[in-house]
Each structure stands twice: as structure tokens, then as C-alpha cells.
Amino acid sequence: MTAIYRVYTTMEKHDTYVTPDYAWKNIKNYIPSDAVIWEAFYAPGGESGQILTDMGYEVIHKPYPQYDFFQYEPEHYTHIISNPPFSKSKQVLERLKQLNKPFIMIMPSAKLCTGYFRHIFQDSEDPIQIIIPRKRIHFKKLVNGEPVKDWKPACCFDCFYYCYKMNLPRDIVWLTDKECVEMKKKGNHKCNRETKSSS
Ligand SMILES: C[S@@+](CC[C@H](N)C(=O)[O-])C[C@H]1O[C@@H](n2cnc3c(N)ncnc32)[C@H](O)[C@@H]1O
């Protein structure tokens with residue numbers, strides 16, 4: 001039992017991988033300028049709320065656990081845009097479908113193949129649309145709201161932006177070099193392995 005508890009608490013901690021600013025800036029073209037964004041998942045020390053605010057949006061981003069996604073809903077918002085805890089993907093997708101608001105969620109590409117994703121969205125009147133990043137998103141790890149010393153962002157899986165009711169111009173949008181801020185900063189997106197093998 002103790003072992004199970006330990007595994008569970010470790011999973012909770014490992015959900016605090018925060019979104020780098022380029023991952024939000026790269027999709028600015030697909031978020032209406034007058035959107036009132038509920039950034040529903042809060043990581044202490046994370047900056048996604050501030051990044052989206054700096055991009056010109058009105059943003060609601062309230063601390064967890066006081067404001068739990070499964071209990072709380074803001075009075076007024078137009079879009080839910082976030083990077084949720086991946087360990088709760090099924091419950092998050094169920095609640096998103098129930099809320100029925102336009103959303104963009106950054107989640108692993110493999111989630112698309114899960115039975116629960118299929119079950120929740122396969123018969124949806126509004127289909128899921130996908131934005132595919134130009135390069136892998138490398139999240140920043142925080143522990144107790146602080147960056148981890150000597151830890152380099154090197155995510156080992158790809159993510160999509162899963163979109164619902166976002167009226168994308170195509171069902172699959174591949175981000176272009178031109179849209180991606182990190183492509184202009186040479187080397188910024190490289191993971192550890194790429195850096196080592198090229199040096
Ligand atoms: C992957 S992090 C991303 C944080 C932030 N959205 C970002 O993009 O940087 C997910 C965070 O969701 C928070 N979280 C977990 N369960 C939650 C819930 N039920 N309601 C709101 N936030 C939750 C955790 O604190 C965790 O740090």
C-alpha cells in the first residue's frame with residue numbers, strides 16, 4: 001500500500017512541467033484576439049497565465065487546489081487554453097466535453113489513440129482539430145514552484161495542440177517556420193541528445 005501511495009504522489013509531482021513561452025506564442029494566429037482565456041491548470045511558479053496576458057489576452061488563471069478544474073468554472077470566459085496534468089487526461093477530456101466551450105489543450109500525441117479519447121470525441125458534432133508543432137515542445141520542470149538545478153528541458157515525447165470549436169482553417173494545421181518564434185533563435189529548441197551528438 002505504501003508503495004502504491006509513493007507511486008501516486010510521485011506522479012502528481014511529475015505533472016508540474018510548465019509550458020515554455022514559445023509554445024503559446026507559436027499559436028497566436030489561431031486564438032481570437034478578443035478571447036477571454038481560462039488557463040485552467042495552475043502550476044506554482046509557472047508563467048503560462050502571464051505569457052498569455054503579455055500576448056494581449058484577458059486571462060483567468062487561478063491557483064490549484066483552491067480552484068480545482070473539476071469543481072470550479074469562471075463566470076465569464078470564451079476559451080479554455082492550457083497544458084493539463086497528463087495523468088488526468090481522461091477526466092480532463094470528459095469535463096472539457098461537458099463544458100462544451102472552445103478549447104486548446106497541449107497533450108501528448110499518443111493520447112489521440114486512446115480508447116477514452118475515441119469514446120469522448122468520435123461522435124462529436126464538432127470534431128477535434130489538431131495543430132502540430134514545428135518542433136517538439138520541451139517543458140520546464142518545477143518542484144515546489146522552483147526550477148530544478150541542472151535540469152535541462154528534453155521532453156521524450158511529442159505533443160499536439162488538441163483543438164475543439166476553434167474553427168481552424170484545416171483539420172490538421174502544421175505550424176510553419178514563420179509562425180514559430182523558437183525557429184528564429186537558432187539552437188533554442190534542441191534537446192540534450194541533439195546537442196551532444198552534434199558537438
Ligand atoms: C502540466 S502542468 C501545466 C501548468 C500550466 N498550465 C502551464 O502550461 O505551464 C499541470 C498543472 O495542473 C495542476 N493541476 C493538477 N490537477 C489540477 C486540477 N484538478 N485543477 C487545476 N489544476 C490542476 C498541477 O498543479 C500541475 O502543476
# chains A, B, ... in the order shown; residues from 1 in each chain; ligands from 1
call {"tool": "residues_near_ligand", "arguments": {"ligand": "ligand 1", "cutoff": "6 Å", "atoms": "only C-alpha atoms and all ligand atoms", "output": "PyMOL selection string"}}
result
chain A and resi 15-19+40-43+46+48+64+68-70+82-85
call {"tool": "select_by_dssp", "arguments": {"residues": "range 6-186 of chain A", "states": "helix (DSSP H, G or I)", "output": "PyMOL selection string"}}
result
chain A and resi 6-13+21-25+28-30+48-54+86-99+109-113+115-121+177-179+181-184
call {"tool": "residues_around", "arguments": {"residues": "range 126-142 of chain A", "least_positions_apart": "3", "cutoff": "9 Å", "atoms": "only C-alpha atoms", "output": "VMD selection string"}}
result
chain A and resid 13 to 20 22 to 23 26 to 27 43 to 46 104 121 to 123 145 to 148 151 to 168 170 to 177 179 to 180 182 to 183 189 to 191
call {"tool": "select_by_dssp", "arguments": {"residues": "range 33-160 of chain A", "states": "strand (DSSP E)", "output": "number ranges by chain"}}
result
A: 36-38, 58-60, 79-82, 103-108, 128-132, 140-143, 146-147, 159-160
call {"tool": "atom_distance", "arguments": {"atom1": "CA of Glu58 in chain A", "atom2": "CA of Asn29 in chain A"}}
result
16.0 Å
call {"tool": "residues_around", "arguments": {"residues": "Lys97 in chain A", "least_positions_apart": "4", "cutoff": "8 Å", "atoms": "only C-alpha atoms", "output": "list in words"}}
result
Leu93, Lys101, Ile120 and Phe121 of chain A
